[in-house]
>>> print(open('start.csv').read())   # CSV, C-alpha atoms
chain,number,residue,atom,x,y,z
M,283,MET,CA,126.7,130.0,50.0
M,284,ILE,CA,126.9,126.2,50.0
M,285,LYS,CA,126.7,126.2,53.8
M,286,ILE,CA,123.4,128.1,53.7
M,287,GLN,CA,121.9,125.8,51.2
M,288,ILE,CA,122.8,122.8,53.3
M,289,LYS,CA,121.2,124.4,56.3
M,290,ILE,CA,118.0,125.1,54.5
M,291,LYS,CA,117.9,121.5,53.2
M,292,THR,CA,118.3,119.9,56.6
M,293,TYR,CA,115.7,122.2,58.0
M,294,THR,CA,113.1,121.2,55.5
M,295,GLU,CA,114.0,117.5,55.9
M,296,SER,CA,113.5,117.7,59.7
M,297,GLY,CA,110.2,119.6,59.0
M,298,ALA,CA,109.0,116.7,56.7
M,299,MET,CA,110.0,114.2,59.4
M,300,LYS,CA,108.0,116.1,62.0
M,301,ARG,CA,105.0,116.3,59.7
M,302,PHE,CA,105.2,112.6,59.0
M,303,LYS,CA,105.4,111.8,62.7
M,304,HIS,CA,102.5,114.2,63.4
M,305,THR,CA,100.3,112.5,60.8
M,306,VAL,CA,101.0,109.0,62.0
M,307,LEU,CA,100.5,109.8,65.7
M,308,LEU,CA,97.2,111.6,64.9
M,309,PHE,CA,96.0,108.6,62.9
M,310,LEU,CA,96.8,106.2,65.7
M,311,PHE,CA,95.2,108.5,68.3
M,312,LEU,CA,92.0,108.8,66.2
M,313,VAL,CA,91.8,105.0,65.7
M,314,LEU,CA,92.2,104.5,69.5
M,315,LEU,CA,89.5,107.1,70.2
M,316,TRP,CA,87.1,105.4,67.7
M,317,ALA,CA,87.8,101.9,69.2
M,318,LEU,CA,86.9,103.3,72.6
M,319,LEU,CA,83.7,104.9,71.3
M,320,THR,CA,82.2,102.0,69.4
M,321,PRO,CA,81.2,98.6,70.6
M,322,HIS,CA,83.2,95.8,69.0
M,323,ASN,CA,82.1,95.3,65.5
M,324,MET,CA,84.7,94.8,62.8
M,325,GLN,CA,82.8,96.6,60.1
M,326,GLU,CA,82.5,99.8,62.2
M,327,ILE,CA,86.1,99.7,63.2
M,328,TRP,CA,87.3,99.4,59.6
M,329,ALA,CA,85.1,102.4,58.6
M,330,GLY,CA,86.6,104.3,61.5
M,331,VAL,CA,90.2,103.4,60.4
M,332,ALA,CA,89.4,104.7,56.9
M,333,VAL,CA,87.9,108.0,58.2
M,334,SER,CA,90.9,108.5,60.6
M,335,ALA,CA,93.3,108.1,57.7
M,336,LEU,CA,91.4,110.6,55.7
M,337,VAL,CA,91.3,113.1,58.6
M,338,ALA,CA,95.1,112.6,59.2
M,339,LEU,CA,95.8,113.3,55.6
M,340,PHE,CA,93.7,116.4,55.5
M,341,THR,CA,95.6,117.9,58.4
M,342,LEU,CA,98.9,117.5,56.5
M,343,ARG,CA,98.8,121.2,55.7
M,344,MET,CA,98.3,122.4,59.3
M,345,ASP,CA,100.9,122.8,62.0
M,346,PRO,CA,102.6,119.5,63.0
M,347,VAL,CA,101.9,120.0,66.7
M,348,LEU,CA,102.4,116.4,67.7
M,349,GLY,CA,105.7,116.2,65.8
M,350,ASP,CA,107.6,117.5,68.9
M,351,LEU,CA,106.8,114.3,70.8
M,352,LYS,CA,109.9,112.2,71.4
M,353,LEU,CA,109.5,108.5,70.9
M,354,THR,CA,112.3,107.0,73.0
M,355,PRO,CA,111.9,104.4,75.8
M,356,LYS,CA,113.0,107.0,78.3
M,357,SER,CA,110.2,109.4,77.3
M,358,PHE,CA,107.6,106.6,77.7
M,359,LEU,CA,108.9,105.9,81.2
M,360,TYR,CA,108.9,109.6,82.0
M,361,LEU,CA,105.3,109.9,80.7
M,362,LEU,CA,104.2,107.2,83.1
M,363,ILE,CA,106.0,108.9,86.0
M,364,TYR,CA,104.5,112.2,84.9
M,365,ILE,CA,100.9,110.8,85.0
M,366,PHE,CA,101.5,109.6,88.6
M,367,VAL,CA,102.9,113.0,89.6
M,368,PHE,CA,100.0,114.7,88.0
M,369,ILE,CA,97.4,112.6,89.8
M,370,LYS,CA,99.2,113.2,93.1
M,371,GLU,CA,99.2,116.9,92.6
M,372,LEU,CA,95.6,117.0,91.5
M,373,VAL,CA,94.5,115.3,94.8
M,374,ILE,CA,96.7,117.5,96.9
M,375,SER,CA,95.3,120.6,95.1
M,376,ASN,CA,91.7,119.5,95.7
M,377,LEU,CA,92.3,119.0,99.4
M,378,ASP,CA,94.0,122.4,99.6
M,379,VAL,CA,91.1,124.1,97.9
M,380,ALA,CA,88.7,122.3,100.2
M,381,ARG,CA,90.6,123.4,103.2
M,382,ARG,CA,90.6,127.0,102.1
M,383,VAL,CA,86.9,127.0,101.2
M,384,VAL,CA,85.7,125.5,104.4
M,385,ASP,CA,87.8,127.7,106.7
M,386,PRO,CA,85.6,130.5,107.9
M,387,LYS,CA,88.5,133.1,107.8
M,388,LEU,CA,89.2,132.4,104.1
M,389,PRO,CA,93.0,132.2,104.3
M,390,ILE,CA,94.1,133.6,100.9
M,391,LYS,CA,96.9,136.0,99.8
M,392,PRO,CA,96.4,136.1,96.1
M,393,GLY,CA,98.6,137.7,93.4
M,394,ILE,CA,99.8,137.2,89.8
M,395,VAL,CA,103.4,136.2,89.5
M,396,LYS,CA,105.6,135.7,86.5
M,397,VAL,CA,107.6,132.5,85.9
M,398,LYS,CA,109.9,131.3,83.1
M,399,THR,CA,109.9,128.0,81.3
M,400,LYS,CA,112.6,126.1,79.4
M,401,LEU,CA,110.2,124.2,77.2
M,402,ASN,CA,110.4,125.1,73.5
M,403,SER,CA,107.6,123.1,71.9
M,404,ARG,CA,104.1,124.5,71.8
M,405,ILE,CA,102.4,121.3,72.9
M,406,GLY,CA,104.8,121.0,75.8
M,407,ARG,CA,103.9,124.6,77.0
M,408,THR,CA,100.2,123.9,76.6
M,409,ILE,CA,100.4,120.8,78.8
M,410,LEU,CA,102.6,122.6,81.3
M,411,ALA,CA,100.0,125.4,81.5
M,412,ASN,CA,97.2,122.9,82.0
M,413,SER,CA,99.1,121.0,84.7
M,414,ILE,CA,99.8,124.2,86.5
M,415,THR,CA,96.1,125.1,86.5
M,416,LEU,CA,95.3,121.8,88.1
M,417,THR,CA,98.0,121.9,90.9
M,418,PRO,CA,97.7,123.4,94.3
M,419,GLY,CA,96.7,127.1,94.4
M,420,THR,CA,97.9,128.1,90.9
M,421,LEU,CA,96.0,129.2,87.8
M,422,THR,CA,97.6,130.1,84.4
M,423,VAL,CA,96.4,133.5,83.3
M,424,ASP,CA,98.5,134.3,80.2
M,425,ILE,CA,101.5,133.0,78.2
M,426,LYS,CA,103.9,135.4,76.4
M,427,ASP,CA,106.7,133.5,74.7
M,428,GLU,CA,108.7,131.8,77.5
M,429,TYR,CA,107.0,133.6,80.4
M,430,LEU,CA,103.9,132.3,82.1
M,431,TYR,CA,101.7,134.6,84.2
M,432,ILE,CA,100.2,132.7,87.1
M,433,HIS,CA,97.6,133.6,89.6
M,434,TRP,CA,98.8,132.2,92.9
M,435,ILE,CA,96.3,131.9,95.8
M,436,GLU,CA,98.9,132.2,98.5
M,437,ILE,CA,102.1,133.9,97.4
M,438,LYS,CA,105.3,132.4,98.9
M,439,HIS,CA,108.0,133.9,96.7
M,440,ASP,CA,108.0,137.4,95.3
M,441,ASP,CA,110.8,137.0,92.7
M,442,LEU,CA,110.9,135.2,89.4
M,443,GLU,CA,113.4,132.5,90.4
M,444,GLY,CA,111.7,131.4,93.6
M,445,ALA,CA,108.3,131.2,91.9
M,446,THR,CA,109.7,129.3,89.0
M,447,LYS,CA,111.3,126.8,91.3
M,448,ASP,CA,108.2,126.3,93.3
M,449,ILE,CA,105.6,126.1,90.5
M,450,VAL,CA,107.2,125.0,87.2
M,451,GLN,CA,110.1,122.8,87.9
M,452,LYS,CA,108.3,119.8,89.4
M,453,PHE,CA,106.6,119.2,86.0
M,454,GLU,CA,109.3,120.7,83.7
M,455,LYS,CA,111.9,118.0,84.4
M,456,TYR,CA,109.5,115.4,83.0
M,457,LEU,CA,108.0,117.4,80.2
M,458,GLU,CA,111.5,118.4,79.0
M,459,VAL,CA,112.3,114.7,78.3
M,460,ILE,CA,108.9,114.0,76.7
M,461,PHE,CA,108.5,117.0,74.4
M,462,GLY,CA,111.8,118.9,74.4
J,67,MET,CA,82.3,96.6,94.0
J,68,GLU,CA,79.0,98.4,94.1
J,69,LEU,CA,79.6,99.7,97.6
J,70,ALA,CA,83.1,101.0,96.5
J,71,GLY,CA,81.5,102.7,93.5
J,72,ALA,CA,78.9,104.3,95.8
J,73,ILE,CA,81.5,105.6,98.2
J,74,ILE,CA,83.6,107.1,95.4
J,75,THR,CA,80.5,108.8,94.0
J,76,LEU,CA,79.8,110.3,97.4
J,77,ILE,CA,83.4,111.6,97.7
J,78,GLY,CA,83.1,113.1,94.2
J,79,SER,CA,79.9,114.8,95.0
J,80,ILE,CA,81.4,116.3,98.2
J,81,PHE,CA,84.2,117.8,96.0
J,82,LEU,CA,81.7,119.1,93.6
J,83,PHE,CA,79.8,120.8,96.4
J,84,LEU,CA,83.0,122.3,97.9
J,85,GLY,CA,83.9,123.7,94.4
J,86,ALA,CA,80.5,125.3,94.1
J,87,LEU,CA,80.8,126.7,97.7
J,88,GLY,CA,84.2,128.2,96.8
J,89,LEU,CA,82.6,129.7,93.7
J,90,LEU,CA,80.2,131.4,96.0
J,91,ARG,CA,82.6,132.5,98.8
J,92,MET,CA,85.7,133.7,97.1
J,93,PRO,CA,86.2,137.4,96.7
J,94,ASP,CA,87.3,137.9,93.1
J,95,ILE,CA,87.0,136.1,89.7
J,96,PHE,CA,90.5,134.5,89.7
J,97,ASN,CA,90.0,132.9,93.1
J,98,ARG,CA,86.6,131.8,92.1
J,99,MET,CA,88.1,130.1,89.1
J,100,GLN,CA,90.7,128.4,91.2
J,101,ALA,CA,88.0,126.8,93.3
J,102,GLY,CA,85.6,126.2,90.4
J,103,THR,CA,88.2,124.5,88.1
J,104,LYS,CA,90.1,122.3,90.4
J,105,ALA,CA,87.4,121.0,92.7
J,106,THR,CA,84.9,120.3,89.8
J,107,THR,CA,87.6,118.5,87.8
J,108,LEU,CA,88.5,115.9,90.5
J,109,GLY,CA,84.9,115.8,91.7
J,110,SER,CA,83.5,115.0,88.3
J,111,ILE,CA,86.3,112.4,87.7
J,112,LEU,CA,85.4,110.6,90.9
J,113,PHE,CA,81.7,110.9,90.2
J,114,LEU,CA,82.0,109.4,86.7
J,115,THR,CA,84.4,106.6,88.0
J,116,GLY,CA,82.0,105.7,90.7
J,117,SER,CA,79.0,105.6,88.4
J,118,ALA,CA,81.0,103.4,85.9
J,119,MET,CA,82.1,101.0,88.7
J,120,ALA,CA,78.6,100.5,89.9
J,121,HIS,CA,77.5,99.2,86.5
J,122,ALA,CA,80.5,97.3,85.2
J,123,GLU,CA,78.4,95.1,83.1
J,124,CYS,CA,77.5,97.8,80.6
J,125,THR,CA,79.6,98.4,77.5
J,126,CYS,CA,79.9,102.1,78.1
J,127,THR,CA,83.2,102.1,80.0
J,128,GLY,CA,85.2,103.3,77.0
J,129,LYS,CA,82.9,106.3,76.6
J,130,ILE,CA,83.3,107.2,80.2
J,131,VAL,CA,87.1,107.0,79.9
J,132,ILE,CA,86.9,109.3,76.9
J,133,LEU,CA,84.7,111.7,78.8
J,134,ILE,CA,87.2,111.8,81.8
J,135,LEU,CA,90.1,112.4,79.5
J,136,PHE,CA,88.1,115.1,77.8
J,137,ILE,CA,87.3,116.8,81.1
J,138,ILE,CA,90.9,116.7,82.2
J,139,PHE,CA,92.1,118.4,78.9
J,140,THR,CA,89.3,121.0,78.4
J,141,ASN,CA,88.5,122.2,81.8
J,142,PRO,CA,91.8,124.0,82.4
J,143,LEU,CA,91.8,125.2,78.9
J,144,SER,CA,88.5,126.9,79.1
J,145,SER,CA,89.3,128.4,82.5
J,146,HIS,CA,92.6,129.7,81.1
J,147,ALA,CA,90.8,131.4,78.2
J,148,LEU,CA,88.3,133.0,80.6
J,149,ALA,CA,91.1,134.1,83.0
J,150,ARG,CA,92.9,135.8,80.1
J,151,ALA,CA,89.8,137.5,78.9
J,152,ALA,CA,88.9,138.6,82.4
J,153,HIS,CA,92.4,140.1,83.0
J,154,PHE,CA,92.4,141.7,79.5
J,155,ILE,CA,89.1,143.6,80.1
J,156,GLY,CA,90.4,144.8,83.5
J,157,ILE,CA,88.1,143.1,86.0
J,158,PRO,CA,89.5,144.4,89.4
J,159,LEU,CA,91.3,141.9,91.7
J,160,ALA,CA,90.3,141.4,95.3
J,161,LYS,CA,91.6,143.9,97.9
J,162,LYS,CA,93.8,141.2,99.5
J,163,THR,CA,95.8,140.9,96.3
J,164,VAL,CA,99.5,141.3,96.9
J,165,LYS,CA,101.0,141.9,93.4
J,166,ASP,CA,100.2,141.8,89.7
J,167,ASP,CA,103.1,141.2,87.4
J,168,LEU,CA,101.0,140.9,84.3
J,169,ALA,CA,99.5,144.4,84.6
J,170,GLU,CA,103.0,145.8,85.3
J,171,ASP,CA,104.4,144.2,82.2
J,172,GLU,CA,101.5,145.4,80.1
J,173,LYS,CA,102.1,149.0,81.4
J,174,LYS,CA,105.8,148.7,80.6
J,175,GLU,CA,105.0,147.6,77.0
J,176,GLU,CA,102.6,150.5,76.5
J,177,GLY,CA,105.2,152.9,77.8
J,178,GLY,CA,107.8,151.5,75.4
J,179,GLN,CA,105.5,151.9,72.4
J,180,LEU,CA,104.7,155.5,73.2
I,250,MET,CA,72.4,100.7,101.6
I,251,VAL,CA,74.1,101.3,98.3
I,252,ASN,CA,71.0,103.0,96.9
I,253,ILE,CA,70.8,105.3,99.8
I,254,ILE,CA,74.5,106.4,99.4
I,255,TYR,CA,73.8,107.0,95.7
I,256,GLN,CA,70.7,109.1,96.5
I,257,ILE,CA,72.7,111.2,99.0
I,258,ALA,CA,75.5,111.8,96.4
I,259,GLY,CA,73.0,112.9,93.8
I,260,ALA,CA,71.3,115.3,96.2
I,261,ILE,CA,74.7,116.8,97.1
I,262,ALA,CA,75.5,117.3,93.5
I,263,LEU,CA,72.1,119.0,92.9
I,264,ALA,CA,72.9,121.3,95.8
I,265,ALA,CA,76.2,122.2,94.2
I,266,ILE,CA,74.3,123.2,91.0
I,267,LEU,CA,72.1,125.4,93.1
I,268,LEU,CA,75.1,127.2,94.7
I,269,ALA,CA,76.7,127.7,91.3
I,270,PHE,CA,73.4,129.1,90.1
I,271,ILE,CA,73.3,131.6,92.9
I,272,ARG,CA,76.7,132.8,91.9
I,273,MET,CA,75.4,133.1,88.3
I,274,ILE,CA,72.6,135.3,89.4
I,275,LYS,CA,74.7,137.4,91.7
I,276,GLY,CA,77.9,137.6,89.7
I,277,PRO,CA,78.9,141.3,89.3
I,278,THR,CA,80.4,140.9,85.9
I,279,ALA,CA,79.7,138.8,82.8
I,280,ALA,CA,82.9,136.8,83.3
I,281,ASP,CA,81.8,135.7,86.8
I,282,ARG,CA,78.5,134.4,85.3
I,283,VAL,CA,80.4,132.5,82.6
I,284,VAL,CA,82.7,130.8,85.2
I,285,ALA,CA,79.6,129.8,87.2
I,286,LEU,CA,78.0,128.4,84.0
I,287,ASP,CA,81.1,126.4,83.3
I,288,ALA,CA,81.0,124.8,86.7
I,289,MET,CA,77.3,124.1,86.3
I,290,THR,CA,77.9,122.4,83.0
I,291,ILE,CA,80.6,120.1,84.5
I,292,ILE,CA,78.3,119.2,87.4
I,293,SER,CA,75.4,118.5,85.1
I,294,ILE,CA,77.5,116.3,82.9
I,295,SER,CA,78.4,114.2,86.0
I,296,LEU,CA,74.7,114.1,86.9
I,297,ILE,CA,73.7,112.9,83.4
I,298,ILE,CA,76.2,110.0,83.7
I,299,PHE,CA,74.8,109.3,87.2
I,300,LEU,CA,71.3,109.1,85.7
I,301,ALA,CA,72.5,106.9,82.9
I,302,ALA,CA,73.9,104.5,85.5
I,303,THR,CA,71.0,104.5,87.8
I,304,LEU,CA,68.2,104.4,85.2
I,305,GLN,CA,70.2,101.9,83.0
I,306,ARG,CA,69.9,104.1,79.9
I,307,VAL,CA,73.2,103.8,78.0
I,308,ILE,CA,72.1,106.3,75.4
I,309,TYR,CA,72.4,109.2,78.0
I,310,ILE,CA,76.2,108.8,77.9
I,311,ASP,CA,76.3,110.1,74.3
I,312,ILE,CA,74.3,113.1,75.4
I,313,ALA,CA,76.8,113.9,78.1
I,314,LEU,CA,79.7,113.6,75.6
I,315,VAL,CA,78.1,115.9,73.1
I,316,TYR,CA,77.1,118.4,75.9
I,317,GLY,CA,80.7,118.5,77.0
I,318,LEU,CA,82.0,119.2,73.5
I,319,ILE,CA,79.5,121.9,72.8
I,320,SER,CA,80.0,123.6,76.2
I,321,PHE,CA,83.8,123.7,75.7
I,322,VAL,CA,83.5,125.4,72.3
I,323,GLY,CA,80.9,127.7,73.7
I,324,ILE,CA,83.0,128.8,76.7
I,325,VAL,CA,86.0,129.5,74.5
I,326,ALA,CA,83.8,131.5,72.1
I,327,ILE,CA,82.4,133.6,74.9
I,328,ALA,CA,86.0,134.2,76.3
I,329,ARG,CA,87.0,135.3,72.8
I,330,TYR,CA,84.0,137.6,72.6
I,331,LEU,CA,84.7,139.2,76.0
I,332,GLU,CA,88.3,139.8,74.9
I,333,ARG,CA,87.9,141.6,71.6
I,334,GLY,CA,84.3,141.3,70.3
I,335,ILE,CA,83.2,139.0,67.6
>>> encode(input="start.csv", output="structure tokens")
Amino acid sequence: MIKIQIKIKTYTESGAMKRFKHTVLLFLFLVLLWALLTPHNMQEIWAGVAVSALVALFTLRMDPVLGDLKLTPKSFLYLLIYIFVFIKELVISNLDVARRVVDPKLPIKPGIVKVKTKLNSRIGRTILANSITLTPGTLTVDIKDEYLYIHWIEIKHDDLEGATKDIVQKFEKYLEVIFG
Amino acid sequence: MELAGAIITLIGSIFLFLGALGLLRMPDIFNRMQAGTKATTLGSILFLTGSAMAHAECTCTGKIVILILFIIFTNPLSSHALARAAHFIGIPLAKKTVKDDLAEDEKKEEGGQL
Amino acid sequence: MVNIIYQIAGAIALAAILLAFIRMIKGPTAADRVVALDAMTIISISLIIFLAATLQRVIYIDIALVYGLISFVGIVAIARYLERGI
């Protein structure tokens, strides 16, 4: 009985921690957005800070989505690497699409495959799905729990493991550190 | 600087054109979405960057950065929503399609419920 | 020289809008049309920024931002509608 109580208590504590992190991160993000939007004028910036604080407080009741972000030096490093990997994949995917479109024979062999992800947080899965959509020849169609259904323009592997290795893992190893 | 901006804009416009061409040539909706989403994303990023580089003196660089981030985040999201809807209402896939795991799984779930 | 390159880039982007528009007219299903509309929106946002840069009108950038926001919400709403009605 005591054990159960302790478990519940630690759970709510971590939930409050998550909520706090989410609110602070949202506030900083909104202030940054406002600073980018307005020309430099101190009065406007202070008004933006006040409104950002209000909005961040109003979202206290909603899901703490950003609370899953990890704030260690390692995760910042991985975030930087991830951005570079993402840009590289975006350029490759565009050249790939351009090659397929220009080719008069239209070399495609499309199909929808199923892959499995190890990420637990919802924001991590969202960013994984977005990244998959922007990488060579793949488009996320649906997500059901830990399985992603992906439209692949040229199928190379038929099975779940091969497709997972080919599509998901190049992003997952970075996102796992950043979001968990 | 201006010349570099102009060349980047030109490359971006070529990607936009190829994306629209893919939209026209591909056989079914999912392949069209592949061309339409990817090529227009990189094309518009390059186009906006080129335009911003050509006029570095204006105070609007922050807004263009926001617009680029916004396009990177929302373009795949909207295409994902559309792809899900298209599969859900059963738009047929192209004849070249090899396999469809999602339809198989949906069939299995329906069988399990019955 | 620079101006000519800019004009060519704008013309190619306009041609891209035209191609997407053909798909929007031809598209066999409603979803195809929406995909074409999405591509057209992105291209026209790029063109608005292009106009803002060449005509030196900073205010056009705000229009592009708002257009992007509204089109995203609209596309998601249409996808929802296609999926299960309003």
>>> atom_distance(input="start.csv", atom1="atom CA of M:Leu401", atom2="atom CA of M:Ser375")
23.6 Å
>>> interface_residues(input="start.csv", of="chain I", to="chain M", cutoff="12 Å", atoms="only C-alpha atoms", output="PyMOL selection string")
chain I and resi 310-311+314
>>> closest_atom_pairs(input="start.csv", of="chain M", to="chain J", cutoff="7 Å", atoms="all atoms listed in the file", output="tab-separated table")
residue	atom	partner	partner_atom	distance
M:Leu318	CA	J:Gly128	CA	4.7
M:Leu319	CA	J:Lys129	CA	5.5
M:Asn376	CA	J:Ala105	CA	5.5
M:Val379	CA	J:Ala101	CA	6.2
M:Ala380	CA	J:Leu84	CA	6.1
M:Val383	CA	J:Gly88	CA	5.3
M:Lys391	CA	J:Lys162	CA	6.1
M:Pro392	CA	J:Thr163	CA	4.8
M:Gly393	CA	J:Lys165	CA	4.8
M:Ile394	CA	J:Asp166	CA	4.6
M:Val395	CA	J:Asp167	CA	5.4
M:Lys396	CA	J:Asp167	CA	6.1
M:Asn412	CA	J:Pro142	CA	5.5
M:Thr415	CA	J:Pro142	CA	6.0
M:Leu416	CA	J:Lys104	CA	5.7
M:Gly419	CA	J:Gln100	CA	6.9
M:Leu421	CA	J:Gln100	CA	6.3
M:Thr422	CA	J:His146	CA	6.0
M:Val423	CA	J:Arg150	CA	5.3
M:Asp424	CA	J:Arg150	CA	5.8
M:Tyr431	CA	J:Leu168	CA	6.3
M:Ile435	CA	J:Asn97	CA	6.9
>>> interface_residues(input="start.csv", of="chain I", to="chain J", cutoff="7 Å", atoms="all atoms listed in the file", output="PDB file with C-alpha atoms, keeping the file's coordinate frame")
ATOM      1  CA  VAL I 251      74.100 101.300  98.300  1.00  0.00           C
ATOM      2  CA  ILE I 254      74.500 106.400  99.400  1.00  0.00           C
ATOM      3  CA  TYR I 255      73.800 107.000  95.700  1.00  0.00           C
ATOM      4  CA  ALA I 258      75.500 111.800  96.400  1.00  0.00           C
ATOM      5  CA  ILE I 261      74.700 116.800  97.100  1.00  0.00           C
ATOM      6  CA  ALA I 262      75.500 117.300  93.500  1.00  0.00           C
ATOM      7  CA  ALA I 264      72.900 121.300  95.800  1.00  0.00           C
ATOM      8  CA  ALA I 265      76.200 122.200  94.200  1.00  0.00           C
ATOM      9  CA  LEU I 268      75.100 127.200  94.700  1.00  0.00           C
ATOM     10  CA  ALA I 269      76.700 127.700  91.300  1.00  0.00           C
ATOM     11  CA  ARG I 272      76.700 132.800  91.900  1.00  0.00           C
ATOM     12  CA  ALA I 280      82.900 136.800  83.300  1.00  0.00           C
ATOM     13  CA  ASP I 281      81.800 135.700  86.800  1.00  0.00           C
ATOM     14  CA  VAL I 284      82.700 130.800  85.200  1.00  0.00           C
ATOM     15  CA  ALA I 288      81.000 124.800  86.700  1.00  0.00           C
ATOM     16  CA  ILE I 291      80.600 120.100  84.500  1.00  0.00           C
ATOM     17  CA  ILE I 292      78.300 119.200  87.400  1.00  0.00           C
ATOM     18  CA  SER I 295      78.400 114.200  86.000  1.00  0.00           C
ATOM     19  CA  ILE I 298      76.200 110.000  83.700  1.00  0.00           C
ATOM     20  CA  PHE I 299      74.800 109.300  87.200  1.00  0.00           C
ATOM     21  CA  ALA I 302      73.900 104.500  85.500  1.00  0.00           C
ATOM     22  CA  VAL I 307      73.200 103.800  78.000  1.00  0.00           C
ATOM     23  CA  LEU I 314      79.700 113.600  75.600  1.00  0.00           C
ATOM     24  CA  PHE I 321      83.800 123.700  75.700  1.00  0.00           C
ATOM     25  CA  ILE I 324      83.000 128.800  76.700  1.00  0.00           C
ATOM     26  CA  VAL I 325      86.000 129.500  74.500  1.00  0.00           C
ATOM     27  CA  ALA I 328      86.000 134.200  76.300  1.00  0.00           C
ATOM     28  CA  LEU I 331      84.700 139.200  76.000  1.00  0.00           C
ATOM     29  CA  GLU I 332      88.300 139.800  74.900  1.00  0.00           C
TER      30      GLU I 332
END
>>> residues_around(input="start.csv", residues="M:Gly349", least_positions_apart="6", cutoff="9 Å", atoms="only C-alpha atoms", output="mmCIF file with C-alpha atoms, in the coordinates of the input")
data_model
loop_
_atom_site.group_PDB
_atom_site.id
_atom_site.type_symbol
_atom_site.label_atom_id
_atom_site.label_comp_id
_atom_site.auth_asym_id
_atom_site.auth_seq_id
_atom_site.Cartn_x
_atom_site.Cartn_y
_atom_site.Cartn_z
ATOM 1 C CA GLY M 297 110.200 119.600 59.000
ATOM 2 C CA MET M 299 110.000 114.200 59.400
ATOM 3 C CA LYS M 300 108.000 116.100 62.000
ATOM 4 C CA ARG M 301 105.000 116.300 59.700
ATOM 5 C CA PHE M 302 105.200 112.600 59.000
ATOM 6 C CA LYS M 303 105.400 111.800 62.700
ATOM 7 C CA HIS M 304 102.500 114.200 63.400
ATOM 8 C CA THR M 305 100.300 112.500 60.800
ATOM 9 C CA LEU M 307 100.500 109.800 65.700
#
>>> residues_around(input="start.csv", residues="M:Ala338", least_positions_apart="2", cutoff="8 Å", atoms="all atoms listed in the file", output="list in words")
Thr305, Val306, Leu308, Phe309, Ser334, Ala335, Leu336, Phe340, Thr341 and Leu342 of chain M
